[in-house]
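Structure record follows, encoded as C-alpha cells.
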There are 6 protein chains.
Amino acid sequence: MPQVTITRRMMFNAAHRVHNPALSDEENQAIFGKCNNPNWHGHNYTLDVSVTGSIDPRTGYVIDLSKLKEIVEREVVSKADHRNFNLEVDFMRDTIPTTENIVVAMWRVLEPHIAPARLTRLVLWETANNYVEYDGK
Amino acid sequence: MPQVTITRRMMFNAAHRVHNPALSDEENQAIFGKCNNPNWHGHNYTLDVSVTGSIDPRTGYVIDLSKLKEIVEREVVSKADHRNFNLEVDFMRDTIPTTENIVVAMWRVLEPHIAPARLTRLVLWETANNYVEYDGK
Amino acid sequence: MPQVTITRRMMFNAAHRVHNPALSDEENQAIFGKCNNPNWHGHNYTLDVSVTGSIDPRTGYVIDLSKLKEIVEREVVSKADHRNFNLEVDFMRDTIPTTENIVVAMWRVLEPHIAPARLTRLVLWETANNYVEYDGK
Amino acid sequence: MPQVTITRRMMFNAAHRVHNPALSDEENQAIFGKCNNPNWHGHNYTLDVSVTGSIDPRTGYVIDLSKLKEIVEREVVSKADHRNFNLEVDFMRDTIPTTENIVVAMWRVLEPHIAPARLTRLVLWETANNYVEYDGK
Amino acid sequence: MPQVTITRRMMFNAAHRVHNPALSDEENQAIFGKCNNPNWHGHNYTLDVSVTGSIDPRTGYVIDLSKLKEIVEREVVSKADHRNFNLEVDFMRDTIPTTENIVVAMWRVLEPHIAPARLTRLVLWETANNYVEYDGK
Amino acid sequence: MPQVTITRRMMFNAAHRVHNPALSDEENQAIFGKCNNPNWHGHNYTLDVSVTGSIDPRTGYVIDLSKLKEIVEREVVSKADHRNFNLEVDFMRDTIPTTENIVVAMWRVLEPHIAPARLTRLVLWETANNYVEYDGK
C-alpha cells in the first residue's frame with residue numbers, strides 16, 4: 001500500500017518573549033537581545049501539520065482534511081491564537097517559548113489525536129525567513 | 001559522488017468532484033460534503049517534481065530542467081490541464097480524484113521516464129493550504 | 001479626516017467553462033480554446049475586497065474586519081465556493097463566467113452592504129499569473 | 001518627465017492589544033474580541049513604502065533605494081520592531097494600535113524625510129489576509 | 001460600460017550593471033556601490049502588465065489574455081530574458097538599466113500594441129523587496 | 001533528546017553563464033541554449049540553510065539564528081551577492097555554475113562552521129519554479 005503524506009497549513013498570531021527565568025536579566029539580554037524585550041513582541045505563525053498513512057480505498061483519503069483541521073484547531077491553534085506563549089498557553093508552561101520548543105510541545109499535544117494515521121512532521125514558520133521542523137525523533 | 005535533488009514546479013487547472021461511485025449519493029454527501037458537488041468545482045494545482053542523481057561533470061546537471069519540463073508537460077500536465085479529473089484523465093480512470101490518488105497516479109506515469117536519474121518525490125498542492133507528498137513507497 | 005483603505009483577502013474554489021451560448025460550438029472553441037472544455041475546469045480564486053473611509057476614533061477601525069469577512073462570505077464566497085459558475089451561481093446567470101464578468105457581478109452584489117464605508121476596489125486572482133481589478137466605474 | 005513610483009518592502013515584528021482606554025473592559029471585549037486580549041498578541045508586519053518622482057538622469061533613480069531603506073529603518077522600523085505598539089512606540093502614543101492608525105502615524109513620521117521625491121503610498125500588511133493603504137489624503 | 005483592468009504576470013531573468021558611462025569609475029562606484037560591479041549581477045524580474053477597457057459582450061474579455069501574453073513575450077520578454085540589459089537589449093540602448101528606466105522603456109515599447117484596450121500600468125519587481133510602477137504619465 | 005531542524009532563509013543576486021570551457025562554443029550552445037549567453041544573465045537566489053541538533057535547555061535554541069545568519073552571510077552570501085559566479089566567486093573556481101554545483105560548493109564551505117550543531121540540508125532556489133537540495137551525501 002502506498003504511504004502518502006498530506007499536509008494542512010494553518011495560521012495563528014501570538015505574543016512572546018524569549019526569556020529564561022533561571023537566568024539574570026543581564027544574561028537574558030546578552031543571550032536573547034531584542035527578542036527578550038519585557039514588553040513582548042509577536043508573530044504571525046504558520047504551522048504545517050503532516051500526516052502519513054495508506055489511502056483508504058473507500059474515500060481516497062489518508063485522513064479527512066476537515067477532521068485534521070478540527071483536531072489542530074482544537075488542540076493547538078485555539079490555545080495559541082491571539083495569546084501570549086509565556087503567560088497563557090498551557091502546553092508551554094515552564095518552557096522558553098522559542099520556535100524549537102513550541103514545535104516539540106505541539107507535537108506532544110497533537111500526536112495522540114492522529115491515529116490511525118501517523119503524525120510525521122510539523123513545520124512552524126516564525127517569520128517568512130525562518131522555520132523549524134520536527135518529526136518526533 | 002554527491003547525490004543532489006532538483007525540483008521543477010509546474011501548474012495546471014482542473015475540475016473534479018470527490019465521489020465514490022460504489023457508494024450511494026447520501027453516503028457520498030455525508031463523507032465528502034461540498035467536495036461532492038455534482039456540478040464540479042476546481043483548483044489551480046501546483047506540482048513539484050523532484051529528481052535525484054549524481055551531477056554530470058560535463059553539464060553540471062543532474063537532469064536538464066528543460067527536458068524534465070518536457071516530460072512532465074507531455075506525460076501529466078497536458079493530460080490534466082483544463083480537464084476534468086473524473087471524466088477525461090486516462091491515468092485517473094476508476095479512481096476517486098483526491099489529491100492523494102492523483103499524486104500516486106502521477107508517480108506511476110512519470111517514474112519510467114526519468115531514468116537514468118530517479119524520481120524521488122512528488123508534491124501536489126491543491127490549494128495554498130494543503131498539499132500531498134509521495135516518494136514511491 | 002484621513003481616508004484609509006482596508007483590504008480583506010478571501011479564497012474560494014470553483015469550476016467554470018468560458019462559453020458564450022449565443023455562438024456556435026465551433027466559434028466558442030475558436031475564441032476560447034481549452035477554456036471552453038465542455039467538461040469544465042476550475043480555479044482557486046483569491047478575492048481582495050477593499051473598503052475606504054474615515055477611521056472611527058472609538059475603534060480605530062474603518063470597518064470591523066470580522067464584519068467585512070461575514071458580508072463577503074455571506075454575499076459572494078458562500079455562493080461561489082465549491083460551485084460551478086455556469087450552472088449554480090445566481091449572480092452570474094446569463095453571463096459568460098470570465099474573471100472580468102465575475103468581478104463586476106461581485107461588485108454589484110457587495111456594494112450595497114458596505115455603507116457607511118465605501119467599496120472602492122475588488123481584485124480577483126484567477127491564477128498566480130493573472131488577476132482583474134474593478135473600482136465601480 | 002515621466003513620474004515613476006518605486007516601492008521598498010520592509011518587515012518587522014511587534015506586539016499589540018486593540019484597546020480603547022476610554023471604554024470599559026466590557027465594551028472593549030465586546031468590540032474587539034480576541035484582539036483585546038490583555039496579555040497581548042502580535043504580528044509579522046510587512047510595510048511597503050512607495051515614493052514617486054522624476055527619474056534623475058545622472059543615476060536612473062527616483063530615489064536611491066538604500067537611502068530610502070535607511071530612512072524607513074531609522075524613522076519607523078527600528079522604533080516598532082520587537083516592540084509593543086501600546087507601550088513603547090512614541091508615534092503611537094494615545095492611539096489605538098489598529099493597522100489603520102499605525103499606517104497613518106507612520107505616514108506622518110516618514111513624509112517629511114522623503115523630499116525632493118514624494119511619499120505617495122504606504123501599505124501595511126498585518127497578516128497574509130489583510131492590509132491597509134494610505135496615500136496622505 | 002464598466003471599465004475593468006486585467007493584469008498578466010510574466011517573468012524573465014537578466015544581467016545588468018548600474019553604471020553611467022558619462023561618470024568616472026570612482027563616481028559610479030560611489031553612487032551605485034555593489035550594483036556597479038563591472039562583472040555584472042542579475043535578477044529574476046517579475047513584470048505585471050495591466051490593460052484597461054470595456055468588457056466585450058461577445059467574449060466577456062477586456063483583452064484575450066493569450067494574445068496579451070504573446071504581445072508581451074514578443075515585444076519585451078523575449079528581448080530581455082537571459083540577456084544583458086547593458087549590452088544586448090535594443091530598447092535600453094544608451095540608458096542606465098535601473099528598474100525605473102527599464103519600466104519606462106518597456107511602456108514605450110508595449111503601449112502601441114495594446115489598442116483598442118489601453119495599457120494602464122506596468123509593475124516591475126527587481127527583487128521580492130522592491131518594485132517600480134509606471135502608468136504612462 | 002528531540003532532534004529539531006531550524007532553517008534560515010537568505011537571498012542574494014548574482015550573474016552567471018552556464019558554460020563548460022572544455023567544450024566547443026557549438027557544443028555549449030547545443031547543450032545549454034540561452035543559459036549559455038556569453039553576455040551573462042542572472043537570478044535572485046534564495047538559500048535555505050537547515051541545521052539540526054538538540055535544543056539547548058538554557059536558551060531553547062538549536063543554534064542562535066543571528067549567529068547562523070552571520071556565518072552564512074560571511075562564508076557564502078557576501079561572496080556571491082552582486083557577483084558573477086563564473087568570474088569572481090572563489091568557491092566556484094573551475095566549476096560550471098549550475099544550481100547543482102553551487103549548492104554542493106556552498107555545503108563544503110558552510111559545513112565546518114556549524115558544529116556543534118549539524119548542517120543537514122541546503123535548498124537553493126534559482127527561480128520561483130526550480131530549486132535544488134543537498135544533504136551532504
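Ligands are numbered from 1 in the order shown, chains are lettered A, B, ... in the order of the C-alpha cells, and residues start at 1 in each chain.
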task = Apply DSSP to the structure's backbone, then extract all residues of chain B labelled helix (DSSP H, G or I) and return them as an NGL selection string.
result = :B and (25-36 or 65-80 or 90-92 or 99-113)
key: DSSP-assigned strand (DSSP E) among chain F, expressed as an MDAnalysis selection string   = chainID F and resid 3:16 41:54 83:84 118:127 130:134
Please dump the current selection as a compact mmCIF listing (two decimals), in the first residue's frame; keep C-alpha atoms.
# COMPACT_ATOMS: atom_id res chain seq x y z
CA GLN F 3 16.39 16.41 17.31
CA VAL F 4 14.98 19.59 15.79
CA THR F 5 15.85 21.25 12.47
CA ILE F 6 15.91 25.02 12.12
CA THR F 7 16.17 26.83 8.79
CA ARG F 8 17.29 30.36 7.91
CA ARG F 9 16.30 31.73 4.52
CA MET F 10 18.64 34.22 2.86
CA MET F 11 18.68 35.92 -0.52
CA PHE F 12 21.32 37.17 -2.94
CA ASN F 13 21.55 38.26 -6.57
CA ALA F 14 24.23 37.09 -8.96
CA ALA F 15 25.16 36.76 -12.61
CA HIS F 16 26.28 33.57 -14.31
CA HIS F 41 22.20 36.57 -17.24
CA GLY F 42 21.32 36.42 -13.56
CA HIS F 43 18.99 35.42 -10.79
CA ASN F 44 17.62 36.31 -7.39
CA TYR F 45 18.74 33.24 -5.49
CA THR F 46 17.04 32.09 -2.28
CA LEU F 47 19.09 29.88 0.03
CA ASP F 48 17.52 27.86 2.87
CA VAL F 49 20.15 26.65 5.36
CA SER F 50 18.94 23.88 7.69
CA VAL F 51 20.74 22.92 10.90
CA THR F 52 19.79 20.00 13.17
CA GLY F 53 20.57 19.31 16.80
CA SER F 54 19.28 19.06 20.33
CA ARG F 83 28.82 38.91 -8.06
CA ASN F 84 29.50 36.82 -11.16
CA ARG F 118 24.98 19.78 12.14
CA LEU F 119 24.29 21.19 8.69
CA THR F 120 21.61 18.82 7.35
CA ARG F 121 20.12 20.43 4.24
CA LEU F 122 20.68 23.25 1.79
CA VAL F 123 17.95 24.29 -0.62
CA LEU F 124 18.84 26.79 -3.34
CA TRP F 125 16.06 28.35 -5.42
CA GLU F 126 17.24 29.72 -8.79
CA THR F 127 13.79 30.92 -9.84
CA ASN F 130 13.07 25.40 -9.73
CA TYR F 131 15.27 24.58 -6.78
CA VAL F 132 18.00 22.15 -5.76
CA GLU F 133 18.53 20.34 -2.44
CA TYR F 134 21.64 18.74 -0.99
message = Report, in Å to a single decimal, how far apart atom CA of Val109 of chain D and atom CA of Pro97 of chain D are.
response = 15.4 Å
ask   = What's the 12 Å shell around Lys79 of chain E, counting only C-alpha atoms, without same-chain residues fewer than 6 positions away, as a PyMOL selection string?
value = (chain E and resi 12-14+71-73+85+87-92+106+109) or (chain F and resi 34)
inquiry  = Just to confirm, what's the straight-line distance from atom CA of Pro38 of chain C to atom CA of Thr95 of chain C in Å (one decimal)?
reply    =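 So the two atoms, atom CA of Pro38 of chain C and atom CA of Thr95 of chain C, lie 16.3 Å apart.
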ask   = When you draw a straight line from atom CA of Arg93 of chain D to atom CA of Lys67 of chain D, how long is it in Å?
value =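 Between atom CA of Arg93 of chain D and atom CA of Lys67 of chain D the gap is 27.3 Å.
Minimum atom-to-atom distance to Val76 of chain D, evaluated using only C-alpha atoms, belongs to D:Glu111 out of D:Asp56, D:Asp64, D:Glu111, D:Glu26.
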Interface residues on chain D facing chain C, 9 Å, only C-alpha atoms, written as a ChimeraX atom specification = /D:18-20,22-23,28,31-32,95-101,103-104,128-137
query = Which polymer residues have any atom within 7 Å of an atom of Arg17 of chain E, counting only C-alpha atoms, with same-chain residues fewer than 6 positions away left out, as an MDAnalysis selection string?
reply = chainID E and resid 35:38 40:41 86
